[in-house]
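First up is the structure itself, then whatever we jot down about it.
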Amino acid sequence: MLGEHSSKQYDNELEAIRSKVLLMGGIVETQFLDAMTCFRIGNPERADRVMREDDTVNQLEVSLDDACSHLIVRRQPTANDLRTIMATIKVITDLERVGDEATKIARVAKNLHKRGNPVVNHYEMVRGVANTATDMLHDALDAFARNDEKLALQLIAQDAIIDHEFRSIMRNLITFMMEDPRTISAALDTLWVAKAIERIGDHAKNIAEYVIYVVEGKDIRHTKTATPAISEELPE
């Protein structure tokens, strides 16, 4: 009976942590969407809100890390339970970094519009990759919530699409800067935004890899799982 009671307590504590992680995920999703809206239309007040939310995300990271550490010490989980907690800690770290990247985008957008540089065409350049990264982040959180390894594998493959689009954006921006030096400042800002989006895709991919680690016990980081098949279909 004592063992059963202890197990239920552990399950409740772990579920409370996972719920907070998903809350944190919802905050960084909104940060990213708001940051991209700022890049598209300006709105310095919204950019400031995105940057303020970074403090909330940072506080959640600290409190969740502490909760996970205490859970390990008190319950001494083994096997899959320990994998789940360790993966959750890594997910927390990646979500905090997504918040950092969203904050960078908001800061660039605020400065860009403050200078009055035209950015409509530059926004169009990153819209596609931003949409892909948004979908990846949403699906990664969904896979984490449901321990869905199939969804996780599918979105891992999308990282190759983001990498390819980022390289294409970089080439186009370099061409703009060479042809018209007046575009250099805005083009560089757009490049920083594109790079931040690419990194958000990386963090979403990481979360998906942790889901597979929990479900299957396989660490597929730094492997070619799911990536080569889609890479071969990408245009040059």
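Going by the structure tokens order, chains are called A, B, ..., each with residues numbered from 1, while ligands are numbered from 1 in the order shown.
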Discussion item. Can you tell me which residues surround stretch 91-104 of chain A at a distance of at most 8 Å, considering only C-alpha atoms, apart from same-chain residues fewer than 6 positions away, and format the answer as a PyMOL selection string?
Written reply: chain A and resi 21+24-25+28+31-32+35+50-51+54+57-58+61+64-65+193+196-197+199-200+203-204+206-207+210
Discussion item. Quick check, in Å to one decimal: how far apart do atom CA of A:Glu15 and atom CA of A:Asp135 lie?
Written reply: 24.7 Å
Worksheet item: Within 12 Å of A:Ala67, counting only C-alpha atoms, which residues qualify if same-chain residues fewer than 2 places away don't, as a list in words?
Response: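 Contacts, with the query itself left out: Tyr10, Glu13, Leu14, Glu15, Ala16, Ile17, Arg18, Lys20, Val21, Leu60, Glu61, Val62, Ser63, Leu64, Asp65, Ser69, His70, Leu71, Ile72, Val73, Arg74, Arg75, Ile85, Met86, Thr88, Ile89 and Ile92 of chain A.
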Using only N, CA and C atoms, please write the residues we just selected to a file, as a short mmCIF file (atom, residue, chain, number, x, y, z; two decimals), in the first residue's frame.
```
data_model
loop_
_atom_site.label_atom_id
_atom_site.label_comp_id
_atom_site.auth_asym_id
_atom_site.auth_seq_id
_atom_site.Cartn_x
_atom_site.Cartn_y
_atom_site.Cartn_z
N TYR A 10 4.04 10.35 -6.92
CA TYR A 10 5.05 10.64 -7.95
C TYR A 10 4.36 11.01 -9.26
N GLU A 13 2.94 14.49 -9.06
CA GLU A 13 3.97 15.52 -9.09
C GLU A 13 4.54 15.68 -10.50
N LEU A 14 4.77 14.55 -11.17
CA LEU A 14 5.30 14.60 -12.52
C LEU A 14 4.31 15.25 -13.47
N GLU A 15 3.03 14.92 -13.30
CA GLU A 15 2.01 15.50 -14.17
C GLU A 15 1.90 17.01 -13.95
N ALA A 16 2.07 17.45 -12.71
CA ALA A 16 2.05 18.88 -12.43
C ALA A 16 3.20 19.59 -13.12
N ILE A 17 4.36 18.95 -13.13
CA ILE A 17 5.52 19.52 -13.82
C ILE A 17 5.26 19.60 -15.32
N ARG A 18 4.75 18.51 -15.89
CA ARG A 18 4.48 18.48 -17.33
C ARG A 18 3.45 19.55 -17.72
N LYS A 20 3.02 22.42 -16.26
CA LYS A 20 3.71 23.71 -16.24
C LYS A 20 4.63 23.87 -17.45
N VAL A 21 5.23 22.76 -17.88
CA VAL A 21 6.07 22.82 -19.07
C VAL A 21 5.23 23.21 -20.28
N LEU A 60 10.07 30.55 -14.99
CA LEU A 60 9.51 29.22 -15.11
C LEU A 60 10.61 28.17 -15.29
N GLU A 61 11.63 28.51 -16.06
CA GLU A 61 12.75 27.58 -16.24
C GLU A 61 13.39 27.24 -14.90
N VAL A 62 13.66 28.26 -14.10
CA VAL A 62 14.31 28.05 -12.80
C VAL A 62 13.43 27.21 -11.88
N SER A 63 12.14 27.56 -11.79
CA SER A 63 11.25 26.84 -10.87
C SER A 63 11.02 25.40 -11.32
N LEU A 64 10.93 25.17 -12.63
CA LEU A 64 10.71 23.81 -13.14
C LEU A 64 11.96 22.96 -12.98
N ASP A 65 13.12 23.53 -13.23
CA ASP A 65 14.36 22.80 -13.00
C ASP A 65 14.46 22.36 -11.53
N SER A 69 14.53 18.53 -10.05
CA SER A 69 15.63 18.07 -9.19
C SER A 69 15.11 17.50 -7.87
N HIS A 70 14.14 18.19 -7.27
CA HIS A 70 13.57 17.70 -6.02
C HIS A 70 12.82 16.39 -6.22
N LEU A 71 12.17 16.24 -7.37
CA LEU A 71 11.45 15.00 -7.65
C LEU A 71 12.41 13.82 -7.76
N ILE A 72 13.55 14.05 -8.39
CA ILE A 72 14.56 12.99 -8.50
C ILE A 72 15.08 12.60 -7.11
N VAL A 73 15.37 13.60 -6.29
CA VAL A 73 15.92 13.32 -4.96
C VAL A 73 14.90 12.59 -4.08
N ARG A 74 13.66 13.05 -4.10
CA ARG A 74 12.64 12.47 -3.21
C ARG A 74 12.19 11.09 -3.65
N ARG A 75 11.98 10.92 -4.96
CA ARG A 75 11.37 9.69 -5.45
C ARG A 75 12.37 8.67 -6.01
N ILE A 85 11.94 12.38 -16.69
CA ILE A 85 12.33 13.59 -15.97
C ILE A 85 13.53 14.26 -16.65
N MET A 86 14.52 13.45 -17.03
CA MET A 86 15.70 14.03 -17.67
C MET A 86 15.33 14.69 -19.00
N THR A 88 12.41 15.92 -19.74
CA THR A 88 11.62 17.11 -19.41
C THR A 88 12.53 18.29 -19.09
N ILE A 89 13.60 18.04 -18.35
CA ILE A 89 14.56 19.10 -18.03
C ILE A 89 15.15 19.69 -19.32
N ILE A 92 12.59 21.87 -21.10
CA ILE A 92 12.50 23.17 -20.43
C ILE A 92 13.59 24.11 -20.95
#
```
Discussion item. So the first atom is atom CA of A:Arg127 and the second is atom CA of A:Glu165; what is the distance between them in Å, to one decimal place?
Written reply: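 Separation of atom CA of A:Arg127 and atom CA of A:Glu165: 10.5 Å.
Remark: for A:Ala194, the closest of the candidate residues A:Val126, A:Leu151, A:Ala208, A:Ala47 is A:Val126 (distances computed over only C-alpha atoms).
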Worksheet item: atom CA of A:Phe39 to atom CA of A:Leu137: how many Å, to one decimal?
Response: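 Atom CA of A:Leu137 lies at a distance of 18.9 Å from atom CA of A:Phe39.
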Worksheet item: Quick one: of A:Arg182, A:Lys8, A:Arg146, A:His138, who's nearest to A:Lys205, counting only C-alpha atoms?
Response: A:His138
What lies within 12 Å of A:Ala79 using only C-alpha atoms, ignoring chain neighbours under 6 positions off, as a PDB file with N, CA, C and O atoms, in the first residue's frame?
```
ATOM      1  N   ILE A  85      11.942  12.376 -16.687  1.00  0.00           N
ATOM      2  CA  ILE A  85      12.332  13.593 -15.974  1.00  0.00           C
ATOM      3  C   ILE A  85      13.526  14.258 -16.652  1.00  0.00           C
ATOM      4  O   ILE A  85      13.551  15.482 -16.838  1.00  0.00           O
ATOM      5  N   MET A  86      14.521  13.452 -17.030  1.00  0.00           N
ATOM      6  CA  MET A  86      15.699  14.026 -17.673  1.00  0.00           C
ATOM      7  C   MET A  86      15.333  14.691 -18.997  1.00  0.00           C
ATOM      8  O   MET A  86      15.834  15.771 -19.333  1.00  0.00           O
ATOM      9  N   TYR A 213      13.174   9.666 -27.181  1.00  0.00           N
ATOM     10  CA  TYR A 213      14.010   9.114 -26.119  1.00  0.00           C
ATOM     11  C   TYR A 213      13.152   8.564 -24.982  1.00  0.00           C
ATOM     12  O   TYR A 213      13.419   7.476 -24.457  1.00  0.00           O
ATOM     13  N   VAL A 214      12.100   9.285 -24.610  1.00  0.00           N
ATOM     14  CA  VAL A 214      11.217   8.832 -23.530  1.00  0.00           C
ATOM     15  C   VAL A 214      10.447   7.586 -23.941  1.00  0.00           C
ATOM     16  O   VAL A 214      10.373   6.603 -23.200  1.00  0.00           O
ATOM     17  N   VAL A 215       9.873   7.606 -25.134  1.00  0.00           N
ATOM     18  CA  VAL A 215       8.980   6.530 -25.563  1.00  0.00           C
ATOM     19  C   VAL A 215       9.746   5.266 -25.919  1.00  0.00           C
ATOM     20  O   VAL A 215       9.369   4.151 -25.528  1.00  0.00           O
ATOM     21  N   GLU A 216      10.848   5.427 -26.657  1.00  0.00           N
ATOM     22  CA  GLU A 216      11.551   4.261 -27.179  1.00  0.00           C
ATOM     23  C   GLU A 216      12.871   3.972 -26.469  1.00  0.00           C
ATOM     24  O   GLU A 216      13.490   2.927 -26.706  1.00  0.00           O
ATOM     25  N   GLY A 217      13.334   4.898 -25.652  1.00  0.00           N
ATOM     26  CA  GLY A 217      14.608   4.697 -24.984  1.00  0.00           C
ATOM     27  C   GLY A 217      15.801   4.851 -25.905  1.00  0.00           C
ATOM     28  O   GLY A 217      16.908   4.408 -25.584  1.00  0.00           O
TER      29      GLY A 217
END
```
Worksheet item: Can you tell me, as a ChimeraX atom specification, what residues are no more than 9 Å from A:Lys110 when counting only C-alpha atoms, ignoring any on the same chain fewer than 6 positions away?
Response: /A:38-39,42-45,47-48
Item to complete: Name all residues at most 12 Å from A:Arg40 (count only C-alpha atoms; drop same-chain ones fewer than 3 positions away) and give them as a ChimeraX atom specification.
Response: /A:33-37,43-44,46-47,105-106,108-110,112-113,117-127,130,190,193
